[in-house]
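Undergrad: Just one file: protein02.cif, with mmCIF, C-alpha atoms.
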data_start
#
loop_
_atom_site.label_atom_id
_atom_site.label_comp_id
_atom_site.auth_asym_id
_atom_site.auth_seq_id
_atom_site.Cartn_x
_atom_site.Cartn_y
_atom_site.Cartn_z
CA MET A 1 -90.40 127.20 -69.35
CA SER A 2 -93.08 129.29 -71.04
CA GLU A 3 -96.70 128.53 -70.17
CA VAL A 4 -98.71 127.42 -73.18
CA THR A 5 -102.00 129.27 -73.59
CA GLN A 6 -105.17 128.51 -75.50
CA VAL A 7 -104.75 131.74 -77.47
CA GLN A 8 -101.40 130.54 -78.79
CA VAL A 9 -102.86 127.18 -79.81
CA GLU A 10 -105.81 128.85 -81.52
CA GLU A 11 -103.52 131.23 -83.38
CA ALA A 12 -101.48 128.27 -84.61
CA LEU A 13 -104.62 126.42 -85.70
CA GLN A 14 -105.82 129.45 -87.62
CA GLN A 15 -102.90 128.89 -89.96
CA TYR A 16 -104.12 125.41 -90.90
CA VAL A 17 -106.64 125.25 -93.74
CA VAL A 18 -108.75 122.10 -93.72
CA PRO A 19 -108.43 120.31 -97.08
CA HIS A 20 -111.53 120.64 -99.28
CA LEU A 21 -113.16 123.14 -96.90
CA ASN A 22 -110.77 126.02 -97.72
CA LYS A 23 -111.23 127.31 -94.17
CA ASN A 24 -109.06 127.15 -91.10
CA VAL A 25 -109.99 124.69 -88.36
CA LEU A 26 -111.78 127.26 -86.22
CA VAL A 27 -113.80 128.90 -89.01
CA ALA A 28 -114.74 125.48 -90.37
CA ASP A 29 -116.29 124.58 -87.01
CA ALA A 30 -114.14 121.45 -86.96
CA LEU A 31 -112.40 122.01 -83.62
CA LYS A 32 -114.04 120.01 -80.85
CA SER A 33 -111.63 120.61 -78.00
CA ILE A 34 -108.18 121.76 -76.91
CA SER A 35 -106.59 120.29 -73.79
CA ILE A 36 -103.40 121.80 -72.35
CA ASP A 37 -101.49 120.05 -69.58
CA GLY A 38 -98.18 121.81 -69.08
CA GLY A 39 -96.30 121.24 -72.32
CA MET A 40 -98.72 118.57 -73.52
CA VAL A 41 -101.35 119.73 -76.02
CA THR A 42 -104.22 117.54 -77.21
CA ILE A 43 -106.39 118.71 -80.08
CA VAL A 44 -109.61 116.97 -81.10
CA ILE A 45 -111.05 117.64 -84.56
CA GLU A 46 -114.29 116.29 -85.98
CA LEU A 47 -115.29 116.67 -89.62
CA GLY A 48 -118.53 116.07 -91.48
CA PHE A 49 -116.82 113.90 -94.11
CA ALA A 50 -114.40 110.97 -93.98
CA VAL A 51 -110.68 111.65 -94.44
CA ALA A 52 -108.88 108.38 -93.68
CA SER A 53 -106.69 108.71 -96.78
CA ILE A 54 -105.34 112.12 -95.79
CA LYS A 55 -105.67 111.88 -92.00
CA ALA A 56 -101.96 111.26 -91.35
CA ALA A 57 -100.94 114.22 -93.51
CA MET A 58 -103.43 116.46 -91.70
CA GLN A 59 -102.14 115.39 -88.30
CA LYS A 60 -98.53 115.97 -89.34
CA ALA A 61 -99.28 119.50 -90.58
CA ILE A 62 -101.14 120.48 -87.41
CA VAL A 63 -98.46 119.01 -85.13
CA GLY A 64 -95.85 120.99 -87.05
CA LEU A 65 -97.67 124.28 -86.50
CA VAL A 66 -98.51 123.80 -82.82
CA SER A 67 -95.04 122.45 -81.98
CA GLN A 68 -93.58 125.85 -82.86
CA ILE A 69 -95.24 127.40 -79.80
CA PRO A 70 -92.66 128.01 -77.03
CA GLY A 71 -93.14 125.55 -74.18
CA VAL A 72 -94.94 122.89 -76.22
CA GLU A 73 -93.31 119.51 -75.65
CA ASN A 74 -95.79 117.14 -77.23
CA VAL A 75 -98.80 117.52 -79.54
CA SER A 76 -101.51 114.92 -80.01
CA VAL A 77 -104.07 115.46 -82.77
CA GLU A 78 -107.19 113.29 -82.89
CA ILE A 79 -109.19 113.47 -86.13
CA SER A 80 -112.55 111.78 -86.56
CA TRP A 81 -115.69 112.32 -88.60
CA ALA A 82 -119.43 112.16 -88.09
CA ILE A 83 -121.37 111.95 -91.35
CA ALA A 84 -124.83 113.42 -90.93
CA SER A 85 -128.03 112.34 -92.64
CA ILE A 86 -129.12 115.19 -94.91
CA LYS A 87 -132.46 113.71 -95.95
CA GLY A 88 -134.02 110.88 -93.96
CA GLN A 89 -135.83 108.12 -95.86
CA ARG A 90 -139.58 107.92 -95.46
CA ASP A 91 -141.69 104.74 -95.33
CA MET A 92 -138.78 102.54 -96.39
CA ARG A 93 -137.84 100.27 -93.49
CA ASN A 94 -134.98 98.69 -95.42
CA MET A 95 -133.35 102.10 -95.78
CA ASP A 96 -133.78 103.47 -92.26
CA SER A 97 -130.01 103.28 -91.74
CA VAL A 98 -129.01 104.78 -95.10
CA LYS A 99 -127.90 108.31 -94.27
CA ASN A 100 -127.47 109.83 -97.72
CA ILE A 101 -128.41 108.88 -101.27
CA ILE A 102 -126.30 110.44 -104.02
CA ALA A 103 -127.32 110.06 -107.67
CA VAL A 104 -124.52 110.07 -110.24
CA ALA A 105 -126.11 110.98 -113.55
CA SER A 106 -125.50 112.20 -117.08
CA GLY A 107 -127.75 113.47 -119.79
CA LYS A 108 -126.32 111.01 -122.34
CA GLY A 109 -124.47 107.73 -122.50
CA GLY A 110 -120.81 107.21 -123.27
CA VAL A 111 -119.39 109.84 -120.92
CA GLY A 112 -117.94 107.39 -118.38
CA LYS A 113 -120.64 107.82 -115.74
CA SER A 114 -120.54 104.22 -114.48
CA THR A 115 -116.75 104.22 -114.27
CA THR A 116 -116.92 107.48 -112.35
CA SER A 117 -119.66 106.14 -110.05
CA VAL A 118 -117.77 103.04 -109.01
CA ASN A 119 -114.49 104.86 -108.45
CA LEU A 120 -116.15 107.60 -106.39
CA ALA A 121 -117.91 104.98 -104.27
CA LEU A 122 -114.61 103.16 -103.72
CA ALA A 123 -112.85 106.43 -102.88
CA LEU A 124 -115.45 107.24 -100.21
CA ALA A 125 -115.01 103.77 -98.74
CA LYS A 126 -111.22 104.12 -98.79
CA ASP A 127 -111.63 107.30 -96.75
CA GLY A 128 -113.50 105.37 -94.06
CA ALA A 129 -117.16 105.82 -94.99
CA LYS A 130 -119.71 103.00 -95.19
CA VAL A 131 -120.80 102.94 -98.82
CA GLY A 132 -123.30 101.14 -101.02
CA LEU A 133 -123.57 101.18 -104.81
CA LEU A 134 -126.83 100.63 -106.68
CA ASP A 135 -126.62 100.03 -110.42
CA ALA A 136 -129.83 101.70 -111.59
CA ASP A 137 -129.19 101.17 -115.28
CA ILE A 138 -131.91 98.56 -115.72
CA TYR A 139 -131.36 98.19 -119.46
CA GLY A 140 -127.58 97.91 -119.41
CA PRO A 141 -126.22 97.08 -115.94
CA SER A 142 -122.43 97.18 -115.87
CA GLN A 143 -121.33 97.38 -112.25
CA GLN A 144 -121.17 93.61 -111.82
CA MET A 145 -118.40 93.40 -114.42
CA MET A 146 -116.68 96.58 -113.25
CA LEU A 147 -116.49 95.23 -109.69
CA GLY A 148 -115.30 91.80 -110.77
CA VAL A 149 -118.32 90.02 -109.29
CA ASP A 150 -118.69 86.50 -110.66
CA ALA A 151 -121.42 86.15 -113.27
CA SER A 152 -123.01 83.35 -111.26
CA ALA A 153 -123.31 85.45 -108.07
CA ARG A 154 -126.87 85.89 -106.85
CA PRO A 155 -128.06 87.87 -103.82
CA GLU A 156 -129.29 85.85 -100.86
CA SER A 157 -132.64 86.39 -99.20
CA GLU A 158 -132.88 88.36 -95.95
CA ASN A 159 -135.80 87.11 -93.80
CA GLN A 160 -137.59 85.94 -96.96
CA GLN A 161 -138.50 89.57 -97.60
CA TYR A 162 -135.40 91.43 -98.73
CA LEU A 163 -132.33 90.80 -100.85
CA SER A 164 -128.91 91.00 -99.25
CA PRO A 165 -126.50 93.21 -101.20
CA ILE A 166 -123.41 91.56 -102.66
CA GLU A 167 -120.17 92.87 -101.19
CA ALA A 168 -117.34 93.79 -103.53
CA HIS A 169 -114.16 95.71 -102.69
CA GLY A 170 -115.76 96.88 -99.44
CA LEU A 171 -118.96 98.14 -101.08
CA LYS A 172 -122.48 96.82 -100.59
CA THR A 173 -123.80 96.49 -104.12
CA MET A 174 -127.00 95.65 -105.98
CA SER A 175 -127.61 95.45 -109.72
CA MET A 176 -130.09 94.01 -112.16
CA GLY A 177 -127.04 92.15 -113.47
CA TYR A 178 -127.18 89.96 -110.34
CA LEU A 179 -130.73 88.88 -111.16
CA VAL A 180 -130.49 88.13 -114.90
CA THR A 181 -127.85 86.72 -117.22
CA ASP A 182 -125.74 88.86 -119.53
CA LYS A 183 -127.71 87.47 -122.45
CA THR A 184 -131.11 88.57 -121.11
CA PRO A 185 -132.32 91.68 -122.96
CA MET A 186 -134.34 94.14 -120.88
CA VAL A 187 -137.14 94.72 -123.39
CA TRP A 188 -139.27 96.82 -121.05
CA ARG A 189 -141.36 99.92 -121.42
CA GLY A 190 -140.48 102.91 -119.25
CA PRO A 191 -142.92 102.22 -116.37
CA MET A 192 -141.67 98.63 -116.13
CA ALA A 193 -138.08 99.85 -115.82
CA GLY A 194 -139.16 102.32 -113.14
CA GLY A 195 -140.86 99.49 -111.28
CA ALA A 196 -137.70 97.38 -111.50
CA LEU A 197 -135.66 100.21 -109.98
CA ASN A 198 -138.20 100.61 -107.19
CA GLN A 199 -137.84 96.91 -106.38
CA LEU A 200 -134.05 97.04 -106.34
CA LEU A 201 -134.15 100.10 -104.11
CA ALA A 202 -136.91 99.06 -101.73
CA GLN A 203 -136.26 95.32 -101.52
CA THR A 204 -132.54 95.42 -100.78
CA TRP A 205 -131.53 95.30 -97.11
CA TRP A 206 -128.75 97.88 -97.19
CA GLY A 207 -127.95 98.04 -93.48
CA GLU A 208 -125.95 100.97 -92.15
CA LEU A 209 -124.56 103.22 -94.88
CA ASP A 210 -123.16 106.72 -94.84
CA TYR A 211 -123.67 106.98 -98.60
CA LEU A 212 -125.63 105.03 -101.17
CA ILE A 213 -124.26 105.93 -104.60
CA ILE A 214 -126.77 105.33 -107.37
CA ASP A 215 -125.31 104.87 -110.85
CA MET A 216 -128.16 106.31 -112.90
CA PRO A 217 -128.94 105.36 -116.50
CA PRO A 218 -128.45 108.08 -119.11
CA GLY A 219 -131.29 110.46 -119.82
CA THR A 220 -134.09 112.10 -117.86
CA GLY A 221 -136.90 109.55 -118.11
CA ASP A 222 -138.99 107.19 -116.01
CA ILE A 223 -136.19 105.75 -113.91
CA GLN A 224 -134.99 109.20 -112.86
CA LEU A 225 -138.52 110.26 -111.95
CA THR A 226 -139.11 107.02 -110.03
CA LEU A 227 -136.00 107.62 -107.95
CA SER A 228 -137.00 111.19 -107.09
CA GLN A 229 -140.48 110.04 -106.07
CA LYS A 230 -139.56 106.93 -104.08
CA ALA A 231 -136.40 107.98 -102.28
CA ALA A 232 -135.15 111.10 -100.55
CA VAL A 233 -132.11 111.87 -102.70
CA ALA A 234 -129.69 114.11 -100.81
CA GLY A 235 -127.78 115.27 -103.86
CA ALA A 236 -126.78 114.60 -107.44
CA VAL A 237 -123.51 114.68 -109.36
CA ILE A 238 -123.50 115.32 -113.11
CA VAL A 239 -120.85 113.61 -115.24
CA THR A 240 -120.07 115.09 -118.64
CA THR A 241 -117.34 115.32 -121.23
CA PRO A 242 -116.17 118.73 -122.52
CA GLN A 243 -117.78 118.36 -125.95
CA ASP A 244 -120.77 120.58 -126.74
CA ILE A 245 -123.29 117.77 -127.34
CA ALA A 246 -122.52 116.20 -123.97
CA LEU A 247 -122.78 119.57 -122.25
CA MET A 248 -126.22 120.16 -123.77
CA ASP A 249 -127.43 116.88 -122.29
CA ALA A 250 -125.72 117.59 -118.96
CA GLN A 251 -127.72 120.81 -118.78
CA LYS A 252 -130.91 118.78 -119.09
CA GLY A 253 -129.78 116.60 -116.21
CA ILE A 254 -129.12 119.61 -114.00
CA GLU A 255 -132.49 121.11 -114.93
CA MET A 256 -134.25 117.84 -114.12
CA PHE A 257 -132.75 117.55 -110.62
CA THR A 258 -133.51 121.21 -109.99
CA LYS A 259 -137.18 120.65 -110.86
CA VAL A 260 -137.49 117.72 -108.45
CA GLU A 261 -135.67 119.74 -105.77
CA VAL A 262 -132.53 117.61 -105.57
CA PRO A 263 -129.42 119.73 -104.97
CA VAL A 264 -126.72 119.35 -107.62
CA LEU A 265 -123.49 118.85 -105.68
CA GLY A 266 -121.32 119.53 -108.68
CA VAL A 267 -120.06 118.56 -112.11
CA VAL A 268 -117.37 116.00 -112.96
CA GLU A 269 -115.67 116.58 -116.29
CA ASN A 270 -114.56 113.21 -117.64
CA MET A 271 -112.15 112.58 -120.53
CA ALA A 272 -110.97 116.17 -120.18
CA ILE A 273 -107.51 115.62 -121.59
CA HIS A 274 -105.61 112.83 -123.28
CA ILE A 275 -101.94 112.29 -122.45
CA CYS A 276 -100.13 110.18 -125.02
CA SER A 277 -98.56 107.15 -123.31
CA ALA A 278 -95.75 107.12 -125.88
CA CYS A 279 -94.61 110.75 -126.03
CA GLY A 280 -96.50 112.56 -123.25
CA HIS A 281 -98.23 114.96 -125.64
CA LYS A 282 -101.38 116.48 -124.11
CA GLU A 283 -104.46 117.03 -126.23
CA HIS A 284 -108.04 118.09 -125.46
CA VAL A 285 -109.73 115.52 -127.68
CA PHE A 286 -113.29 116.50 -126.74
CA GLY A 287 -112.75 120.22 -126.29
CA ASP A 288 -111.46 122.39 -123.48
CA GLY A 289 -113.12 123.91 -120.42
CA GLY A 290 -116.65 122.64 -121.02
CA GLY A 291 -117.10 121.35 -117.49
CA SER A 292 -116.09 124.64 -115.90
CA ARG A 293 -118.41 126.57 -118.23
CA ILE A 294 -121.49 124.56 -117.33
CA ALA A 295 -120.58 124.61 -113.64
CA GLU A 296 -120.26 128.39 -113.75
CA GLU A 297 -123.52 128.76 -115.67
CA TYR A 298 -125.48 126.82 -113.05
CA LYS A 299 -123.51 128.13 -110.06
CA VAL A 300 -122.41 124.66 -108.97
CA PRO A 301 -118.86 123.46 -108.23
CA LEU A 302 -116.65 121.79 -110.79
CA LEU A 303 -115.69 118.85 -108.57
CA GLY A 304 -112.82 117.83 -110.82
CA SER A 305 -111.56 116.89 -114.26
CA LEU A 306 -110.47 113.36 -115.16
CA PRO A 307 -108.20 112.31 -118.02
CA LEU A 308 -109.09 110.17 -121.02
CA SER A 309 -107.08 107.17 -119.89
CA LEU A 310 -106.66 103.72 -121.41
CA LYS A 311 -105.60 102.45 -118.00
CA ILE A 312 -108.86 103.49 -116.32
CA ARG A 313 -110.84 101.64 -118.97
CA GLN A 314 -108.70 98.52 -118.76
CA GLN A 315 -108.97 98.39 -114.99
CA VAL A 316 -112.77 98.55 -114.83
CA ASP A 317 -113.03 96.01 -117.65
CA ALA A 318 -110.83 93.71 -115.55
CA GLY A 319 -113.09 94.09 -112.49
CA ALA A 320 -110.57 96.13 -110.48
CA PRO A 321 -111.39 99.86 -110.75
CA THR A 322 -108.54 102.34 -110.53
CA VAL A 323 -109.05 103.23 -106.85
CA VAL A 324 -108.40 99.60 -105.83
CA ALA A 325 -106.10 98.56 -108.69
CA GLU A 326 -103.62 101.43 -108.23
CA PRO A 327 -104.68 103.35 -105.09
CA GLU A 328 -101.66 105.67 -105.16
CA SER A 329 -101.81 106.48 -108.88
CA ASP A 330 -102.52 110.03 -110.05
CA GLU A 331 -105.91 108.90 -111.36
CA ALA A 332 -106.91 107.25 -108.07
CA LEU A 333 -105.86 110.32 -106.11
CA LEU A 334 -107.99 112.45 -108.44
CA TYR A 335 -111.03 110.27 -107.70
CA GLY A 336 -110.28 110.68 -104.00
CA GLU A 337 -110.16 114.46 -104.29
CA ILE A 338 -113.45 114.52 -106.21
CA ALA A 339 -115.16 112.17 -103.74
CA ARG A 340 -114.14 114.30 -100.75
CA ASP A 341 -115.25 117.50 -102.51
CA MET A 342 -118.58 115.81 -103.23
CA ALA A 343 -118.93 114.78 -99.57
CA VAL A 344 -118.10 118.32 -98.44
CA GLN A 345 -120.76 119.78 -100.72
CA LEU A 346 -123.28 117.32 -99.33
CA ALA A 347 -122.34 118.05 -95.71
CA GLY A 348 -122.78 121.74 -96.46
CA GLN A 349 -126.43 121.11 -97.35
CA GLY A 350 -127.16 120.43 -93.69
CA SER A 351 -124.51 122.47 -91.91
CA ALA A 352 -125.57 124.11 -88.69
CA GLY A 353 -124.37 127.26 -87.05
CA PRO A 354 -120.96 127.53 -85.41
CA ALA A 355 -120.24 125.79 -82.13
CA PHE A 356 -117.50 126.71 -79.69
CA PRO A 357 -114.73 124.21 -78.94
CA ASN A 358 -114.28 122.80 -75.46
CA ILE A 359 -110.99 124.12 -74.07
CA VAL A 360 -109.39 122.49 -71.05
CA ILE A 361 -106.24 123.88 -69.46
CA ASN A 362 -104.42 122.10 -66.66
CA ASN A 363 -101.20 123.75 -65.60
CA ASP A 364 -101.18 122.44 -62.03
#
Would you encode the structure as structure tokens?
TA:
Amino acid sequence: MSEVTQVQVEEALQQYVVPHLNKNVLVADALKSISIDGGMVTIVIELGFAVASIKAAMQKAIVGLVSQIPGVENVSVEISWAIASIKGQRDMRNMDSVKNIIAVASGKGGVGKSTTSVNLALALAKDGAKVGLLDADIYGPSQQMMLGVDASARPESENQQYLSPIEAHGLKTMSMGYLVTDKTPMVWRGPMAGGALNQLLAQTWWGELDYLIIDMPPGTGDIQLTLSQKAAVAGAVIVTTPQDIALMDAQKGIEMFTKVEVPVLGVVENMAIHICSACGHKEHVFGDGGGSRIAEEYKVPLLGSLPLSLKIRQQVDAGAPTVVAEPESDEALLYGEIARDMAVQLAGQGSAGPAFPNIVINND
């Protein structure tokens, strides 16, 4: 029987490209160790982003490649992830255990930012990350309805000092909607709204989170400035539609985050194409290619394009967003792809130099 060598295993692994990284396992610095015991090969991989949804497919592909090596009898592939904190929070005891804050923003309303925010948060959680969602739209909070949280739900007090987030679909959530009724108008000047956001952010006991997704209100005003001043935001995602007016406002959003030194992780193009449910005809209702143009202009990734879908709207209106309502649907899988790409971009902000895998060979 042929003796299996580490060189053979490495050569096999070089053929496997890690999803979303577009690099093989070795170049991506994801290989932690290789253990060889006769015909038994154990491979340990650790990523900087969660991959629970695609873990089985990854393992199957790697086993298939390594099993082709002469002398290999059994292959075990262990895949885990360690999500790093890119920007630690300062002077905010309630957020000591929040690793990364990601702002999901748009320059204007009506582009589906809140729907995108909740589905991306749910996709990250589905992949195995610990995720929170803060509805920062003080004037028009919508996440309570989108998550199906009862209108009477109110956050409990934590040690008479903090509010406990309300859990929904595996997310820790907080919203002004939990503190007022749906008939209470938020007739506040800008500084008052900024103060309200600061309270929601600083007086919620989030606990341990890999990501806190903040669903930002439209625009580039007081609330956006308050967030950049009070919290260490690790990155921002810009949601836009392909139409020119939305792209103009998306540019303002990118410029704003650039000025406050928050990295833009990428652009999500929403309502990119409409597919007729009756005949299947495809039509670019709001224009074509706008998201890729603005991404190219600002040298940021186009994280993905989402369809104009009646089903997506109906599901969030019913309190069961697409990722939980139909987790295997094309739309849910798209959200998953975008969420992982977003997490990869964030992990890249703090990536270190290459490390060498630990290789153990036992052929006794």
Undergrad: Name the residues captured by the PyMOL selection byres ((chain A and resi 268) around 8) when it is applied to the shown file; answer as a list in words.
TA: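 Written out, the selection comes to Val237, Ile238, Val239, Thr240, Gly266, Val267, Glu269, Asn270, Gly291, Leu302, Leu303, Gly304, Ser305, Leu306 and Ile338 of chain A.
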Undergrad: Output the residue selection produced by the PyMOL selection byres ((chain A and resi 115) around 10) on the file above, formatted as a compact mmCIF listing (two decimals) with C-alpha atoms, in the frame of the given file.
TA:
# COMPACT_ATOMS: atom_id res chain seq x y z
CA VAL A 111 -119.39 109.84 -120.92
CA GLY A 112 -117.94 107.39 -118.38
CA LYS A 113 -120.64 107.82 -115.74
CA SER A 114 -120.54 104.22 -114.48
CA THR A 116 -116.92 107.48 -112.35
CA SER A 117 -119.66 106.14 -110.05
CA VAL A 118 -117.77 103.04 -109.01
CA ASN A 119 -114.49 104.86 -108.45
CA LEU A 120 -116.15 107.60 -106.39
CA SER A 142 -122.43 97.18 -115.87
CA GLN A 143 -121.33 97.38 -112.25
CA MET A 146 -116.68 96.58 -113.25
CA ASP A 215 -125.31 104.87 -110.85
CA ASN A 270 -114.56 113.21 -117.64
CA ILE A 312 -108.86 103.49 -116.32
CA ARG A 313 -110.84 101.64 -118.97
CA GLN A 315 -108.97 98.39 -114.99
CA VAL A 316 -112.77 98.55 -114.83
CA ASP A 317 -113.03 96.01 -117.65
CA PRO A 321 -111.39 99.86 -110.75
CA THR A 322 -108.54 102.34 -110.53
Undergrad: Using only C-alpha atoms, find the one residue out of A:Gly235, A:Gly88, A:Pro19, A:Gly280 that sits nearest to Ala57 (chain A).
TA: A:Pro19
Undergrad: Of the residues A:Glu297, A:Asp127, A:Glu78, A:Asp249, which is the one nearest to Arg340 (chain A), using all atoms listed in the file?
TA: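 Distance minimum relative to Arg340 (chain A) lands on A:Asp127.
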Undergrad: With all atoms listed in the file as the basis for distance, which of A:Ile43, A:Leu179, A:Ala168, A:Leu124 is at the shortest distance from Ala151 (chain A)?
TA: A:Leu179
Undergrad: So what do you get for CA of Gly109 (chain A) versus CA of Met271 (chain A), distance-wise?
TA: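 Rounded to one decimal, the two atoms are 13.4 Å apart.
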Undergrad: Translate the PyMOL selection byres ((chain A and resi 245) around 12), as applied to the file shown, into an explicit residue set as a short mmCIF file (atom, residue, chain, number, x, y, z; two decimals) with C-alpha atoms, in the frame of the given file.
TA:
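What landed in expr36.cif:
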data_model
loop_
_atom_site.label_atom_id
_atom_site.label_comp_id
_atom_site.auth_asym_id
_atom_site.auth_seq_id
_atom_site.Cartn_x
_atom_site.Cartn_y
_atom_site.Cartn_z
CA SER A 106 -125.50 112.20 -117.08
CA GLY A 107 -127.75 113.47 -119.79
CA LYS A 108 -126.32 111.01 -122.34
CA GLY A 109 -124.47 107.73 -122.50
CA GLY A 110 -120.81 107.21 -123.27
CA VAL A 111 -119.39 109.84 -120.92
CA THR A 240 -120.07 115.09 -118.64
CA THR A 241 -117.34 115.32 -121.23
CA PRO A 242 -116.17 118.73 -122.52
CA GLN A 243 -117.78 118.36 -125.95
CA ASP A 244 -120.77 120.58 -126.74
CA ALA A 246 -122.52 116.20 -123.97
CA LEU A 247 -122.78 119.57 -122.25
CA MET A 248 -126.22 120.16 -123.77
CA ASP A 249 -127.43 116.88 -122.29
CA ALA A 250 -125.72 117.59 -118.96
CA GLN A 251 -127.72 120.81 -118.78
CA LYS A 252 -130.91 118.78 -119.09
CA PHE A 286 -113.29 116.50 -126.74
CA GLY A 287 -112.75 120.22 -126.29
CA GLY A 290 -116.65 122.64 -121.02
#
Undergrad: So, counting all atoms listed in the file, which residue among A:Met95, A:Ala236, A:Ala153, A:Ala84 is closest to Gly48 (chain A)?
TA: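 Looking at the shortest contact to Gly48 (chain A), the residue is A:Ala84.
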Undergrad: What is the CA of Gln8 (chain A) to CA of Gln59 (chain A) distance in Å?
TA: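 According to the coordinates, CA of Gln8 (chain A) and CA of Gln59 (chain A) are separated by 17.9 Å.
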Undergrad: Would you mind reading off the distance between CA of Leu26 (chain A) and CA of Glu11 (chain A), one decimal, in Å?
TA: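 Separation between CA of Leu26 (chain A) and CA of Glu11 (chain A): 9.6 Å.
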Undergrad: Considering only C-alpha atoms, return as an MDAnalysis selection string whatever protein or nucleic-acid residues lie within 8 Å of region 13-15 of chain A, sequence-local ones (same chain, fewer than 2 positions apart) excluded.
TA: chainID A and resid 9:11 17 24:26 62 65:66
Undergrad: Contacts of Val77 (chain A) at 12 Å or less, counting all atoms listed in the file, minus same-chain residues fewer than 2 places along, as a PDB file with C-alpha atoms, keeping the file's coordinate frame?
TA:
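Result written to around27.pdb:
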ATOM      1  CA  LEU A  13    -104.620 126.420 -85.700  1.00  0.00           C
ATOM      2  CA  LEU A  31    -112.400 122.010 -83.620  1.00  0.00           C
ATOM      3  CA  LYS A  32    -114.040 120.010 -80.850  1.00  0.00           C
ATOM      4  CA  SER A  33    -111.630 120.610 -78.000  1.00  0.00           C
ATOM      5  CA  ILE A  34    -108.180 121.760 -76.910  1.00  0.00           C
ATOM      6  CA  SER A  35    -106.590 120.290 -73.790  1.00  0.00           C
ATOM      7  CA  MET A  40     -98.720 118.570 -73.520  1.00  0.00           C
ATOM      8  CA  VAL A  41    -101.350 119.730 -76.020  1.00  0.00           C
ATOM      9  CA  THR A  42    -104.220 117.540 -77.210  1.00  0.00           C
ATOM     10  CA  ILE A  43    -106.390 118.710 -80.080  1.00  0.00           C
ATOM     11  CA  VAL A  44    -109.610 116.970 -81.100  1.00  0.00           C
ATOM     12  CA  ILE A  45    -111.050 117.640 -84.560  1.00  0.00           C
ATOM     13  CA  GLU A  46    -114.290 116.290 -85.980  1.00  0.00           C
ATOM     14  CA  LYS A  55    -105.670 111.880 -92.000  1.00  0.00           C
ATOM     15  CA  ALA A  56    -101.960 111.260 -91.350  1.00  0.00           C
ATOM     16  CA  ALA A  57    -100.940 114.220 -93.510  1.00  0.00           C
ATOM     17  CA  MET A  58    -103.430 116.460 -91.700  1.00  0.00           C
ATOM     18  CA  GLN A  59    -102.140 115.390 -88.300  1.00  0.00           C
ATOM     19  CA  LYS A  60     -98.530 115.970 -89.340  1.00  0.00           C
ATOM     20  CA  ALA A  61     -99.280 119.500 -90.580  1.00  0.00           C
ATOM     21  CA  ILE A  62    -101.140 120.480 -87.410  1.00  0.00           C
ATOM     22  CA  VAL A  63     -98.460 119.010 -85.130  1.00  0.00           C
ATOM     23  CA  GLY A  64     -95.850 120.990 -87.050  1.00  0.00           C
ATOM     24  CA  LEU A  65     -97.670 124.280 -86.500  1.00  0.00           C
ATOM     25  CA  VAL A  66     -98.510 123.800 -82.820  1.00  0.00           C
ATOM     26  CA  SER A  67     -95.040 122.450 -81.980  1.00  0.00           C
ATOM     27  CA  ASN A  74     -95.790 117.140 -77.230  1.00  0.00           C
ATOM     28  CA  VAL A  75     -98.800 117.520 -79.540  1.00  0.00           C
ATOM     29  CA  ILE A  79    -109.190 113.470 -86.130  1.00  0.00           C
ATOM     30  CA  SER A  80    -112.550 111.780 -86.560  1.00  0.00           C
TER      31      SER A  80
END
Undergrad: From the set A:Ala50, A:Leu225, A:Leu200, A:Leu209, which residue has the shortest atom-to-atom contact distance to His20 (chain A), counting all atoms listed in the file?
TA: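 For His20 (chain A), the nearest of the given residues is A:Ala50.
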